[in-house]
file query08.csv (CSV, C-alpha atoms and all ligand atoms)
chain,number,residue,atom,x,y,z
A,29,MET,CA,-25.6,68.4,-26.1
A,30,LEU,CA,-24.3,65.0,-27.1
A,31,THR,CA,-25.6,64.0,-30.6
A,32,LYS,CA,-25.3,61.3,-33.1
A,33,ILE,CA,-26.4,60.9,-36.8
A,34,ILE,CA,-29.2,58.4,-37.5
A,35,THR,CA,-30.9,57.6,-40.8
A,36,GLU,CA,-34.7,57.5,-41.0
A,37,GLY,CA,-36.3,56.8,-44.4
A,38,THR,CA,-33.6,58.2,-46.7
A,39,THR,CA,-32.9,61.2,-44.5
A,40,LYS,CA,-29.9,61.7,-42.2
A,41,VAL,CA,-30.6,63.4,-39.0
A,42,GLU,CA,-28.4,64.6,-36.2
A,43,VAL,CA,-30.3,63.9,-33.0
A,44,PRO,CA,-29.6,64.2,-29.3
A,45,VAL,CA,-28.3,61.2,-27.4
A,46,PRO,CA,-30.0,60.9,-24.0
A,47,ASP,CA,-27.9,61.0,-20.9
A,48,GLU,CA,-27.1,57.4,-19.9
A,49,ASN,CA,-28.1,58.1,-16.3
A,50,SER,CA,-31.5,59.6,-17.2
A,51,ASN,CA,-34.2,57.0,-17.8
A,52,PHE,CA,-35.1,58.7,-21.1
A,53,PRO,CA,-38.4,60.4,-21.5
A,54,PRO,CA,-37.6,61.9,-24.9
A,55,SER,CA,-38.7,65.2,-23.6
A,56,SER,CA,-36.0,65.3,-20.9
A,57,VAL,CA,-33.2,66.1,-23.4
A,58,GLN,CA,-32.4,69.5,-24.8
A,59,VAL,CA,-34.0,68.8,-28.1
A,60,PHE,CA,-36.8,66.3,-28.4
A,61,TYR,CA,-36.4,63.2,-30.5
A,62,ASN,CA,-38.4,60.0,-30.1
A,63,PRO,CA,-37.3,57.0,-32.3
A,64,ALA,CA,-40.6,55.3,-31.4
A,65,MET,CA,-42.5,57.9,-33.5
A,66,ARG,CA,-40.9,56.6,-36.7
A,67,ALA,CA,-44.1,54.9,-37.9
A,68,ASN,CA,-46.0,58.2,-37.3
A,69,ARG,CA,-43.4,60.0,-39.5
A,70,ASP,CA,-43.4,57.2,-42.1
A,71,MET,CA,-47.2,57.6,-42.4
A,72,ALA,CA,-46.8,61.4,-42.7
A,73,VAL,CA,-44.2,61.0,-45.6
A,74,ALA,CA,-46.5,58.5,-47.4
A,75,ALA,CA,-49.7,60.5,-46.8
A,76,ILE,CA,-48.2,63.9,-47.8
A,77,ALA,CA,-46.6,62.3,-50.9
A,78,CYS,CA,-50.0,61.0,-52.0
A,79,PHE,CA,-51.7,64.3,-51.2
A,80,SER,CA,-49.3,66.4,-53.1
A,81,ARG,CA,-48.6,64.0,-56.0
A,82,ASP,CA,-50.0,66.3,-58.7
A,83,ASN,CA,-49.0,69.5,-56.9
A,84,PRO,CA,-45.3,69.4,-56.1
A,85,ASP,CA,-45.4,73.2,-55.4
A,86,TYR,CA,-47.4,72.8,-52.2
A,87,THR,CA,-45.8,74.3,-49.1
A,88,TYR,CA,-45.4,72.3,-45.9
A,89,LEU,CA,-44.9,73.6,-42.3
A,90,ASP,CA,-43.5,71.5,-39.5
A,91,ALA,CA,-44.6,74.0,-36.9
A,92,LEU,CA,-43.1,72.3,-33.8
A,93,CYS,CA,-40.1,70.6,-35.3
A,94,ALA,CA,-37.5,69.9,-32.6
A,95,SER,CA,-34.6,68.2,-34.5
A,96,GLY,CA,-36.5,68.9,-37.7
A,97,ILE,CA,-36.7,65.2,-38.5
A,98,ARG,CA,-40.3,65.3,-39.8
A,99,GLY,CA,-39.8,68.4,-42.0
A,100,LEU,CA,-36.5,67.1,-43.3
A,101,ARG,CA,-38.1,63.9,-44.4
A,102,ILE,CA,-40.9,65.8,-46.2
A,103,ALA,CA,-38.4,68.1,-47.9
A,104,GLY,CA,-36.0,65.3,-48.9
A,105,GLU,CA,-38.3,62.3,-49.5
A,106,VAL,CA,-41.4,64.1,-50.9
A,107,GLY,CA,-39.6,67.2,-52.3
A,108,LEU,CA,-42.0,69.9,-51.0
A,109,ASN,CA,-40.9,73.4,-50.1
A,110,THR,CA,-40.7,73.1,-46.3
A,111,THR,CA,-40.6,75.4,-43.3
A,112,MET,CA,-39.4,74.0,-40.0
A,113,SER,CA,-39.8,76.0,-36.9
A,114,ASP,CA,-39.2,75.6,-33.1
A,115,TRP,CA,-38.9,78.2,-30.5
A,116,GLU,CA,-35.9,76.6,-28.8
A,117,GLU,CA,-32.4,77.9,-29.6
A,118,ALA,CA,-30.9,74.4,-29.4
A,119,SER,CA,-33.5,73.1,-31.9
A,120,TYR,CA,-32.9,76.0,-34.3
A,121,GLY,CA,-29.2,75.2,-34.3
A,122,LEU,CA,-29.8,71.5,-34.9
A,123,ILE,CA,-32.4,72.2,-37.7
A,124,LYS,CA,-29.9,74.4,-39.6
A,125,ARG,CA,-27.2,71.7,-39.3
A,126,ASN,CA,-29.6,69.0,-40.4
A,127,ILE,CA,-30.6,71.0,-43.5
A,128,GLU,CA,-26.9,71.2,-44.4
A,129,LEU,CA,-26.3,67.6,-43.6
A,130,ASN,CA,-28.9,66.6,-46.2
A,131,ASN,CA,-27.9,69.3,-48.8
A,132,LEU,CA,-31.5,70.5,-48.9
A,133,SER,CA,-32.2,73.7,-50.8
A,134,ASN,CA,-36.0,73.6,-50.4
A,135,CYS,CA,-36.0,74.3,-46.6
A,136,THR,CA,-36.4,77.3,-44.3
A,137,ALA,CA,-35.4,77.1,-40.7
A,138,MET,CA,-37.1,79.4,-38.1
A,139,LYS,CA,-36.8,80.1,-34.4
A,140,ARG,CA,-40.3,81.3,-33.7
A,141,ASN,CA,-43.4,80.7,-31.7
A,142,ALA,CA,-45.5,78.3,-33.8
A,143,ASN,CA,-48.6,80.4,-33.5
A,144,VAL,CA,-46.8,83.5,-34.8
A,145,VAL,CA,-45.5,81.6,-37.8
A,146,MET,CA,-49.0,80.3,-38.6
A,147,LEU,CA,-50.7,83.7,-38.0
A,148,ASP,CA,-48.1,85.4,-40.2
A,149,SER,CA,-48.3,83.2,-43.3
A,150,SER,CA,-50.4,80.6,-45.0
A,151,PHE,CA,-49.2,77.1,-45.8
A,152,ASP,CA,-50.8,74.5,-48.0
A,153,ILE,CA,-50.0,71.7,-45.5
A,154,ILE,CA,-49.5,72.1,-41.7
A,155,ASP,CA,-48.3,69.4,-39.4
A,156,LEU,CA,-48.8,69.8,-35.6
A,157,ASP,CA,-46.7,67.4,-33.5
A,158,PRO,CA,-46.7,68.9,-30.0
A,159,PHE,CA,-45.9,67.6,-26.5
A,160,GLY,CA,-49.4,66.5,-25.4
A,161,THR,CA,-52.3,68.5,-26.6
A,162,PRO,CA,-52.5,70.4,-29.9
A,163,ALA,CA,-55.2,72.6,-28.5
A,164,PRO,CA,-53.0,75.8,-28.1
A,165,PHE,CA,-52.1,75.6,-31.8
A,166,LEU,CA,-55.4,74.5,-33.3
A,167,ASP,CA,-56.7,78.0,-33.9
A,168,ALA,CA,-53.7,79.4,-35.7
A,169,ALA,CA,-53.3,76.1,-37.7
A,170,CYS,CA,-56.9,76.2,-38.9
A,171,PHE,CA,-56.4,79.9,-39.8
A,172,SER,CA,-53.2,79.2,-41.8
A,173,THR,CA,-53.8,75.9,-43.6
A,174,LYS,CA,-55.0,76.0,-47.2
A,175,ARG,CA,-55.3,72.3,-48.1
A,176,LEU,CA,-54.2,69.8,-45.5
A,177,LEU,CA,-54.0,69.6,-41.7
A,178,CYS,CA,-52.1,66.8,-40.0
A,179,ILE,CA,-52.4,66.6,-36.2
A,180,THR,CA,-50.8,64.4,-33.6
A,181,ALA,CA,-52.2,64.5,-30.1
A,182,THR,CA,-50.6,62.5,-27.3
A,183,ASP,CA,-53.0,63.8,-24.6
A,184,THR,CA,-55.0,60.6,-24.9
A,185,ALA,CA,-56.3,60.7,-21.3
A,186,PRO,CA,-58.2,64.1,-21.8
A,187,LEU,CA,-59.3,63.1,-25.3
A,188,CYS,CA,-60.6,59.7,-24.3
A,189,GLY,CA,-62.4,60.8,-21.2
A,190,ALA,CA,-60.0,59.5,-18.5
A,191,HIS,CA,-59.2,63.1,-17.6
A,192,LYS,CA,-62.6,64.5,-18.4
A,193,LYS,CA,-62.2,68.1,-17.1
A,194,ALA,CA,-58.9,68.6,-19.1
A,195,GLY,CA,-60.7,67.2,-22.2
A,196,ILE,CA,-63.5,69.7,-21.7
A,197,ARG,CA,-61.1,72.6,-21.2
A,198,ASN,CA,-59.0,71.8,-24.2
A,199,TYR,CA,-61.6,70.7,-26.7
A,200,SER,CA,-64.8,72.4,-25.5
A,201,ALA,CA,-66.5,69.0,-25.6
A,202,VAL,CA,-67.4,66.3,-23.1
A,203,PRO,CA,-65.5,63.1,-23.6
A,204,LEU,CA,-66.7,59.8,-22.1
A,205,LYS,CA,-64.5,56.9,-20.9
A,206,THR,CA,-66.2,54.0,-22.6
A,207,GLU,CA,-64.9,50.7,-23.9
A,208,TYR,CA,-64.4,52.5,-27.3
A,209,TYR,CA,-62.3,55.3,-25.7
A,210,PRO,CA,-59.7,55.5,-28.5
A,211,GLU,CA,-62.4,56.2,-31.0
A,212,MET,CA,-63.9,58.8,-28.6
A,213,GLY,CA,-60.5,60.5,-28.6
A,214,VAL,CA,-60.3,60.6,-32.4
A,215,ARG,CA,-63.8,61.9,-32.7
A,216,ILE,CA,-63.4,64.6,-30.0
A,217,LEU,CA,-60.2,65.9,-31.7
A,218,MET,CA,-61.9,65.8,-35.1
A,219,GLY,CA,-64.9,67.7,-33.8
A,220,ALA,CA,-62.6,70.3,-32.4
A,221,ALA,CA,-60.7,70.6,-35.7
A,222,ALA,CA,-64.0,70.8,-37.7
A,223,ARG,CA,-65.4,73.6,-35.4
A,224,THR,CA,-62.2,75.5,-35.4
A,225,LEU,CA,-61.8,75.4,-39.2
A,226,ALA,CA,-65.5,76.5,-39.5
A,227,LYS,CA,-64.6,79.7,-37.7
A,228,TYR,CA,-62.4,80.5,-40.8
A,229,ASP,CA,-65.1,79.4,-43.3
A,230,LYS,CA,-63.2,76.2,-44.0
A,231,ALA,CA,-64.5,72.6,-44.2
A,232,MET,CA,-62.6,69.4,-43.6
A,233,ALA,CA,-62.8,66.0,-45.2
A,234,PRO,CA,-61.1,63.2,-43.3
A,235,LEU,CA,-58.5,61.3,-45.3
A,236,LEU,CA,-57.2,59.1,-42.5
A,237,SER,CA,-57.8,59.2,-38.7
A,238,TYR,CA,-56.5,56.7,-36.2
A,239,ALA,CA,-55.5,56.0,-32.7
A,240,SER,CA,-52.4,54.1,-31.8
A,241,ALA,CA,-51.1,53.1,-28.4
A,242,HIS,CA,-50.1,56.6,-27.3
A,243,TYR,CA,-51.5,59.1,-29.6
A,244,VAL,CA,-54.3,60.1,-32.0
A,245,ARG,CA,-53.4,61.1,-35.5
A,246,LEU,CA,-55.5,63.0,-38.1
A,247,PHE,CA,-55.0,63.8,-41.8
A,248,VAL,CA,-57.9,66.0,-43.0
A,249,SER,CA,-58.1,67.8,-46.2
A,250,VAL,CA,-59.3,71.4,-46.0
A,251,LYS,CA,-61.5,73.5,-48.3
A,252,LYS,CA,-62.4,77.1,-48.1
A,253,GLY,CA,-66.1,78.0,-48.4
A,254,ILE,CA,-69.0,79.1,-46.3
A,255,LYS,CA,-71.4,76.4,-47.7
A,256,GLU,CA,-68.8,73.7,-47.4
A,257,ALA,CA,-68.1,74.7,-43.7
A,258,ASP,CA,-71.8,74.6,-43.0
A,259,GLU,CA,-72.1,71.2,-44.6
A,260,CYS,CA,-69.1,69.9,-42.7
A,261,LEU,CA,-70.6,70.9,-39.3
A,262,LYS,CA,-73.5,68.6,-40.1
A,263,ASN,CA,-71.2,65.8,-39.2
A,264,MET,CA,-71.1,67.0,-35.6
A,265,GLY,CA,-73.3,65.5,-32.9
A,266,PHE,CA,-73.7,63.7,-29.6
A,267,LEU,CA,-73.4,60.2,-28.4
A,268,SER,CA,-75.2,58.7,-25.4
A,269,HIS,CA,-74.0,55.6,-23.6
A,270,CYS,CA,-75.7,53.3,-21.0
A,271,PHE,CA,-73.1,52.0,-18.6
A,272,ASN,CA,-75.6,49.5,-17.3
A,273,CYS,CA,-76.5,47.5,-20.4
A,274,GLY,CA,-74.0,48.8,-23.0
A,275,ASP,CA,-76.6,50.3,-25.3
A,276,ARG,CA,-75.5,53.4,-27.2
A,277,ASN,CA,-77.2,56.0,-29.5
A,278,TRP,CA,-76.0,59.0,-31.4
A,279,LYS,CA,-77.7,62.0,-33.0
A,280,LEU,CA,-76.4,64.5,-35.5
A,281,GLY,CA,-76.7,68.2,-34.7
A,282,LEU,CA,-75.4,70.7,-32.3
A,283,ALA,CA,-78.7,71.4,-30.4
A,284,VAL,CA,-80.2,68.0,-30.1
A,285,HIS,CA,-82.4,66.2,-27.5
A,286,MET,CA,-81.0,62.9,-26.3
A,287,GLU,CA,-83.1,60.6,-24.0
A,288,GLU,CA,-81.8,60.7,-20.4
A,289,LYS,CA,-83.0,57.2,-19.8
A,290,CYS,CA,-81.7,54.2,-21.7
A,291,PRO,CA,-84.4,52.9,-24.1
A,292,VAL,CA,-83.4,49.3,-23.2
A,293,CYS,CA,-83.0,49.2,-19.4
A,294,SER,CA,-84.1,52.7,-18.3
A,295,HIS,CA,-80.8,53.3,-16.5
A,296,LYS,CA,-79.6,56.9,-16.7
A,297,THR,CA,-77.5,57.5,-19.9
A,298,SER,CA,-74.2,59.4,-20.1
A,299,LEU,CA,-73.6,62.0,-22.9
A,300,ALA,CA,-70.5,62.7,-24.9
A,301,GLY,CA,-70.0,65.6,-27.4
A,302,PRO,CA,-70.1,67.6,-29.4
A,303,LEU,CA,-67.9,65.2,-31.5
A,304,TRP,CA,-67.4,64.2,-35.1
A,305,LEU,CA,-69.9,61.5,-36.1
A,306,GLY,CA,-68.9,61.4,-39.8
A,307,GLY,CA,-66.5,59.1,-41.6
A,308,LEU,CA,-62.9,58.7,-40.4
A,309,HIS,CA,-61.2,57.8,-43.7
A,310,ASP,CA,-61.4,58.4,-47.4
A,311,ARG,CA,-61.1,54.9,-48.9
A,312,GLU,CA,-59.8,56.0,-52.3
A,313,PHE,CA,-57.0,58.0,-50.5
A,314,CYS,CA,-56.3,54.9,-48.3
A,315,GLN,CA,-55.8,52.8,-51.4
A,316,LYS,CA,-53.3,55.3,-52.8
A,317,LEU,CA,-51.6,55.6,-49.4
A,318,LEU,CA,-51.3,51.8,-49.2
A,319,ASP,CA,-49.6,51.7,-52.7
A,320,GLU,CA,-47.3,54.6,-51.6
A,321,ALA,CA,-46.3,52.9,-48.3
A,322,GLN,CA,-45.6,49.7,-50.3
A,323,LYS,CA,-43.5,51.5,-52.8
A,324,ARG,CA,-41.5,53.1,-50.0
A,325,GLU,CA,-41.2,49.9,-48.0
A,326,PHE,CA,-42.9,51.4,-44.9
A,327,LYS,CA,-43.8,48.0,-43.6
A,328,ASP,CA,-45.0,49.2,-40.2
A,329,VAL,CA,-47.9,51.3,-41.5
A,330,ARG,CA,-49.4,49.1,-44.1
A,331,LYS,CA,-51.4,46.9,-41.8
A,332,LEU,CA,-52.8,50.0,-40.1
A,333,ILE,CA,-53.9,51.6,-43.4
A,334,THR,CA,-55.7,48.4,-44.4
A,335,SER,CA,-57.4,48.0,-41.1
A,336,CYS,CA,-58.6,51.7,-41.2
A,337,SER,CA,-59.8,51.3,-44.8
A,338,ASP,CA,-61.7,48.1,-44.1
A,339,GLU,CA,-63.7,49.4,-41.1
A,340,LEU,CA,-67.3,50.5,-41.2
A,341,ASP,CA,-68.3,54.2,-40.9
A,342,ILE,CA,-70.1,53.8,-37.6
A,343,PRO,CA,-69.2,56.2,-34.8
A,344,MET,CA,-68.3,53.7,-32.1
A,345,HIS,CA,-67.4,50.1,-31.7
A,346,TYR,CA,-68.0,47.1,-29.4
A,347,ASP,CA,-65.5,45.1,-27.3
A,348,ILE,CA,-66.3,41.4,-27.6
A,349,HIS,CA,-64.9,40.7,-24.1
A,350,LYS,CA,-67.2,43.4,-22.6
A,351,VAL,CA,-70.3,42.0,-24.4
A,352,CYS,CA,-69.5,38.5,-23.4
A,353,LYS,CA,-68.8,39.5,-19.8
A,354,LEU,CA,-72.2,41.1,-19.6
A,355,LEU,CA,-73.7,37.8,-20.7
A,356,GLY,CA,-71.4,35.7,-18.5
A,357,ILE,CA,-70.0,33.6,-21.4
A,358,THR,CA,-66.5,33.0,-22.9
A,359,ALA,CA,-65.5,35.4,-25.7
A,360,MET,CA,-65.3,34.2,-29.3
A,361,SER,CA,-62.9,35.3,-32.0
A,362,THR,CA,-63.5,38.7,-33.6
A,363,ILE,CA,-63.7,37.3,-37.1
A,364,ASP,CA,-66.2,34.6,-36.1
A,365,LEU,CA,-68.5,37.2,-34.6
A,366,VAL,CA,-68.2,39.6,-37.5
A,367,THR,CA,-69.1,36.7,-39.9
A,368,ALA,CA,-72.1,35.7,-37.7
A,369,LEU,CA,-73.4,39.2,-37.7
A,370,LYS,CA,-73.1,39.5,-41.4
A,371,GLU,CA,-74.9,36.1,-41.9
A,372,LYS,CA,-77.8,37.6,-39.9
A,373,GLY,CA,-77.9,40.5,-42.4
A,374,PHE,CA,-76.1,43.2,-40.4
A,375,GLN,CA,-73.2,45.2,-41.5
A,376,ALA,CA,-70.1,44.3,-39.5
A,377,SER,CA,-66.4,44.8,-39.6
A,378,ARG,CA,-63.2,44.6,-37.5
A,379,THR,CA,-61.7,47.9,-36.4
A,380,HIS,CA,-58.2,49.3,-36.3
A,381,PHE,CA,-58.9,50.5,-32.8
A,382,SER,CA,-58.6,47.1,-31.2
A,383,GLY,CA,-58.1,43.5,-32.2
A,384,ILE,CA,-60.9,42.4,-29.9
A,385,SER,CA,-63.5,44.9,-31.1
A,386,PHE,CA,-65.9,45.2,-34.0
A,387,LYS,CA,-68.2,47.7,-35.6
A,388,THR,CA,-71.8,46.9,-36.6
A,389,ASP,CA,-75.1,48.5,-37.4
A,390,ALA,CA,-76.7,45.9,-35.1
A,391,GLY,CA,-77.9,47.3,-31.8
A,392,MET,CA,-76.7,46.0,-28.5
A,393,GLU,CA,-79.7,43.7,-27.9
A,394,GLU,CA,-79.3,42.3,-31.5
A,395,ILE,CA,-75.6,41.7,-30.9
A,396,LYS,CA,-76.3,39.9,-27.6
A,397,LYS,CA,-78.8,37.6,-29.4
A,398,VAL,CA,-76.2,36.7,-32.0
A,399,VAL,CA,-73.5,36.2,-29.4
A,400,MET,CA,-75.9,33.9,-27.3
A,401,GLU,CA,-76.7,31.9,-30.4
A,402,MET,CA,-73.0,31.4,-31.1
A,403,ALA,CA,-72.5,30.3,-27.5
A,404,GLY,CA,-75.2,27.7,-28.1
A,405,SER,CA,-77.6,28.9,-25.5
B,501,LIG,C1,-43.0,66.7,-29.5
B,501,LIG,S1,-41.7,67.9,-30.0
B,501,LIG,C2,-41.7,67.7,-31.8
B,501,LIG,C3,-41.2,66.5,-32.3
B,501,LIG,C4,-40.9,66.4,-33.8
B,501,LIG,N1,-42.0,66.9,-34.6
B,501,LIG,C5,-40.5,65.0,-34.2
B,501,LIG,O1,-41.2,64.4,-35.1
B,501,LIG,O2,-39.5,64.5,-33.7
B,501,LIG,C6,-42.5,69.4,-29.7
B,501,LIG,C7,-41.6,70.6,-30.0
B,501,LIG,O3,-42.4,71.8,-29.9
B,501,LIG,C8,-41.6,72.9,-29.4
B,501,LIG,N2,-42.6,73.9,-29.0
B,501,LIG,C9,-43.5,73.8,-27.9
B,501,LIG,N3,-44.2,74.9,-27.9
B,501,LIG,C10,-43.8,75.7,-29.0
B,501,LIG,C11,-44.3,77.0,-29.5
B,501,LIG,N4,-45.3,77.6,-28.9
B,501,LIG,N5,-43.7,77.4,-30.6
B,501,LIG,C12,-42.7,76.8,-31.2
B,501,LIG,N6,-42.2,75.6,-30.7
B,501,LIG,C13,-42.8,75.1,-29.6
B,501,LIG,C14,-40.8,72.2,-28.4
B,501,LIG,O4,-39.6,73.0,-28.2
B,501,LIG,C15,-40.5,70.9,-29.0
B,501,LIG,O5,-39.3,70.9,-29.7
B,502,ZN,ZN,-79.2,50.4,-20.7
call {"tool": "encode", "arguments": {"input": "query08.csv", "output": "structure tokens"}}
result
Amino acid sequence: MLTKIITEGTTKVEVPVPDENSNFPPSSVQVFYNPAMRANRDMAVAAIACFSRDNPDYTYLDALCASGIRGLRIAGEVGLNTTMSDWEEASYGLIKRNIELNNLSNCTAMKRNANVVMLDSSFDIIDLDPFGTPAPFLDAACFSTKRLLCITATDTAPLCGAHKKAGIRNYSAVPLKTEYYPEMGVRILMGAAARTLAKYDKAMAPLLSYASAHYVRLFVSVKKGIKEADECLKNMGFLSHCFNCGDRNWKLGLAVHMEEKCPVCSHKTSLAGPLWLGGLHDREFCQKLLDEAQKREFKDVRKLITSCSDELDIPMHYDIHKVCKLLGITAMSTIDLVTALKEKGFQASRTHFSGISFKTDAGMEEIKKVVMEMAGS
């Protein structure tokens, strides 16, 4: 395997060089390395540094570590006691060389199945960064984690409803391909995490949950307790969507009745869930995270943290272009519409999910009225 040494953050990492003749999906080389996930790893470094600030003795597991780049950065840049594991021989060799390259004495390298590692030992913080779906690792991760669970999922099509049957198989929930599909993906994954943690009498509290172009990412703090787990499950529910007029409704609970007909246009509604209807972020944590990212000069994640922190806790969003298309008018700017909704007394915000979308507590018919007024009709 041809390799080179790169620097990410302040960590040196020996990584594979893709064959010049291959057109480089990162998974095609012997050991996976994707430079485009740097922002994802920067966010992990900043988030885990914030989370463990008063507890430098927390343990961290990079359960699917490939070159080890993520775990190496947590060990070197945050200073936590880190275990890095991958079941591939080539990865294991590389992880050991990378630990030496960085002179790290707080790292353990393993060549093991991730599920075995997690079922064998507990870790304060577990990070799952699989190819595609984290579903095969969710159970063991929820069993093993004591304080924080970090999950990346790149199977956005199943999560967001584009591959509905795969979504149902992996997450035991029905996703729906709506205009707010990235948020659907985040909430389906969060719902699966909350229900899996509950099996082990654990509750989760979201610190930061977001969707970027190719993946969904969660940071949820974890607490052991039967009462806490029961409380946490109260954030689960269902969402109904009318593909005719765009109206949507949601209801908390795992055994709920949702109207089959749209209350606005009587068209048959479609149902998604069970999914997480609670908040996506902890604003206090986001403020600390922003300071941490600033201090570390992680420029590419600061805007995302601010957008997440500024968005309303409403479990879906609206796409301005879709609303305007329904009304046959030209779309206005997101910020103008958010301001107009606020002037009418509604809550409204932009959302990190899309630059042309907004969140509001106004219903679809109220939004349409405001939009029509803005268009001057
Ligand atoms: C997407 S890569 C990890 C990328 C890495 N975390 C990073 O930031 O560059 C997924 C890795 O999981 C490993 N893997 C897949 N299934 C596994 C399992 N059951 N146990 C251990 N490793 C596994 C693969 O060998 C691969 O190296
Ligand atoms: Zn309708």
call {"tool": "residues_near_ligand", "arguments": {"input": "query08.csv", "ligand": "ligand ZN 502 (chain B)", "cutoff": "9 Å", "atoms": "all atoms listed in the file", "output": "PDB file with C-alpha atoms, in the frame of the given file"}}
result
ATOM      1  CA  HIS A 269     -74.000  55.600 -23.600  1.00  0.00           C
ATOM      2  CA  CYS A 270     -75.700  53.300 -21.000  1.00  0.00           C
ATOM      3  CA  PHE A 271     -73.100  52.000 -18.600  1.00  0.00           C
ATOM      4  CA  ASN A 272     -75.600  49.500 -17.300  1.00  0.00           C
ATOM      5  CA  CYS A 273     -76.500  47.500 -20.400  1.00  0.00           C
ATOM      6  CA  GLY A 274     -74.000  48.800 -23.000  1.00  0.00           C
ATOM      7  CA  ASP A 275     -76.600  50.300 -25.300  1.00  0.00           C
ATOM      8  CA  ARG A 276     -75.500  53.400 -27.200  1.00  0.00           C
ATOM      9  CA  LYS A 289     -83.000  57.200 -19.800  1.00  0.00           C
ATOM     10  CA  CYS A 290     -81.700  54.200 -21.700  1.00  0.00           C
ATOM     11  CA  PRO A 291     -84.400  52.900 -24.100  1.00  0.00           C
ATOM     12  CA  VAL A 292     -83.400  49.300 -23.200  1.00  0.00           C
ATOM     13  CA  CYS A 293     -83.000  49.200 -19.400  1.00  0.00           C
ATOM     14  CA  SER A 294     -84.100  52.700 -18.300  1.00  0.00           C
ATOM     15  CA  HIS A 295     -80.800  53.300 -16.500  1.00  0.00           C
ATOM     16  CA  LYS A 296     -79.600  56.900 -16.700  1.00  0.00           C
ATOM     17  CA  THR A 297     -77.500  57.500 -19.900  1.00  0.00           C
TER      18      THR A 297
END
call {"tool": "residues_around", "arguments": {"input": "query08.csv", "residues": "Asp90 in chain A", "least_positions_apart": "4", "cutoff": "6 Å", "atoms": "all atoms listed in the file", "output": "PDB file with C-alpha atoms, keeping the file's coordinate frame"}}
result
ATOM      1  CA  GLY A  99     -39.800  68.400 -42.000  1.00  0.00           C
ATOM      2  CA  MET A 112     -39.400  74.000 -40.000  1.00  0.00           C
ATOM      3  CA  ASP A 155     -48.300  69.400 -39.400  1.00  0.00           C
TER       4      ASP A 155
END
call {"tool": "residues_around", "arguments": {"input": "query08.csv", "residues": "Val73 in chain A", "least_positions_apart": "6", "cutoff": "8 Å", "atoms": "only C-alpha atoms", "output": "number ranges by chain"}}
result
A: 101-102, 105-106
call {"tool": "closest_residue", "arguments": {"input": "query08.csv", "among": "A:Ala118, A:Ala103, A:Met71, A:Leu303", "to": "Thr31 in chain A", "atoms": "all atoms listed in the file"}}
result
A:Ala118
call {"tool": "atom_distance", "arguments": {"input": "query08.csv", "atom1": "CA of Gly219 in chain A", "atom2": "CA of Lys205 in chain A"}}
result
16.8 Å
call {"tool": "residues_near_ligand", "arguments": {"input": "query08.csv", "ligand": "ligand LIG 501 (chain B)", "cutoff": "8 Å", "atoms": "only C-alpha atoms and all ligand atoms", "output": "MDAnalysis selection string"}}
result
chainID A and resid 55 59:63 65:66 69 90:99 113:116 119 139:143 156:160 164:165
call {"tool": "atom_distance", "arguments": {"input": "query08.csv", "atom1": "CA of His242 in chain A", "atom2": "CA of Thr161 in chain A"}}
result
12.1 Å
call {"tool": "closest_residue", "arguments": {"input": "query08.csv", "among": "A:Leu305, A:Ile179, A:Leu332, A:Leu129", "to": "Ile153 in chain A", "atoms": "all atoms listed in the file"}}
result
A:Ile179
call {"tool": "build_atoms", "arguments": {"input": "query08.csv", "residues": "range 253-262 of chain A", "atoms": "N, CA and C atoms", "output": "compact mmCIF listing (two decimals), in the frame of the given file"}}
result
# COMPACT_ATOMS: atom_id res chain seq x y z
N GLY A 253 -64.75 77.76 -47.92
CA GLY A 253 -66.10 78.00 -48.40
C GLY A 253 -67.12 77.96 -47.33
N ILE A 254 -68.02 78.96 -47.37
CA ILE A 254 -69.00 79.10 -46.30
C ILE A 254 -69.98 77.87 -46.36
N LYS A 255 -70.45 77.56 -47.58
CA LYS A 255 -71.40 76.40 -47.70
C LYS A 255 -70.75 75.14 -47.29
N GLU A 256 -69.50 74.98 -47.71
CA GLU A 256 -68.80 73.70 -47.40
C GLU A 256 -68.60 73.62 -45.86
N ALA A 257 -68.28 74.75 -45.21
CA ALA A 257 -68.10 74.70 -43.70
C ALA A 257 -69.43 74.36 -43.07
N ASP A 258 -70.54 74.95 -43.54
CA ASP A 258 -71.80 74.60 -43.00
C ASP A 258 -72.16 73.14 -43.13
N GLU A 259 -71.89 72.63 -44.33
CA GLU A 259 -72.10 71.20 -44.60
C GLU A 259 -71.31 70.32 -43.67
N CYS A 260 -70.05 70.72 -43.51
CA CYS A 260 -69.10 69.90 -42.70
C CYS A 260 -69.61 69.82 -41.26
N LEU A 261 -70.15 70.92 -40.74
CA LEU A 261 -70.60 70.90 -39.30
C LEU A 261 -71.80 69.98 -39.13
N LYS A 262 -72.42 69.57 -40.24
CA LYS A 262 -73.50 68.60 -40.10
C LYS A 262 -73.07 67.24 -39.64
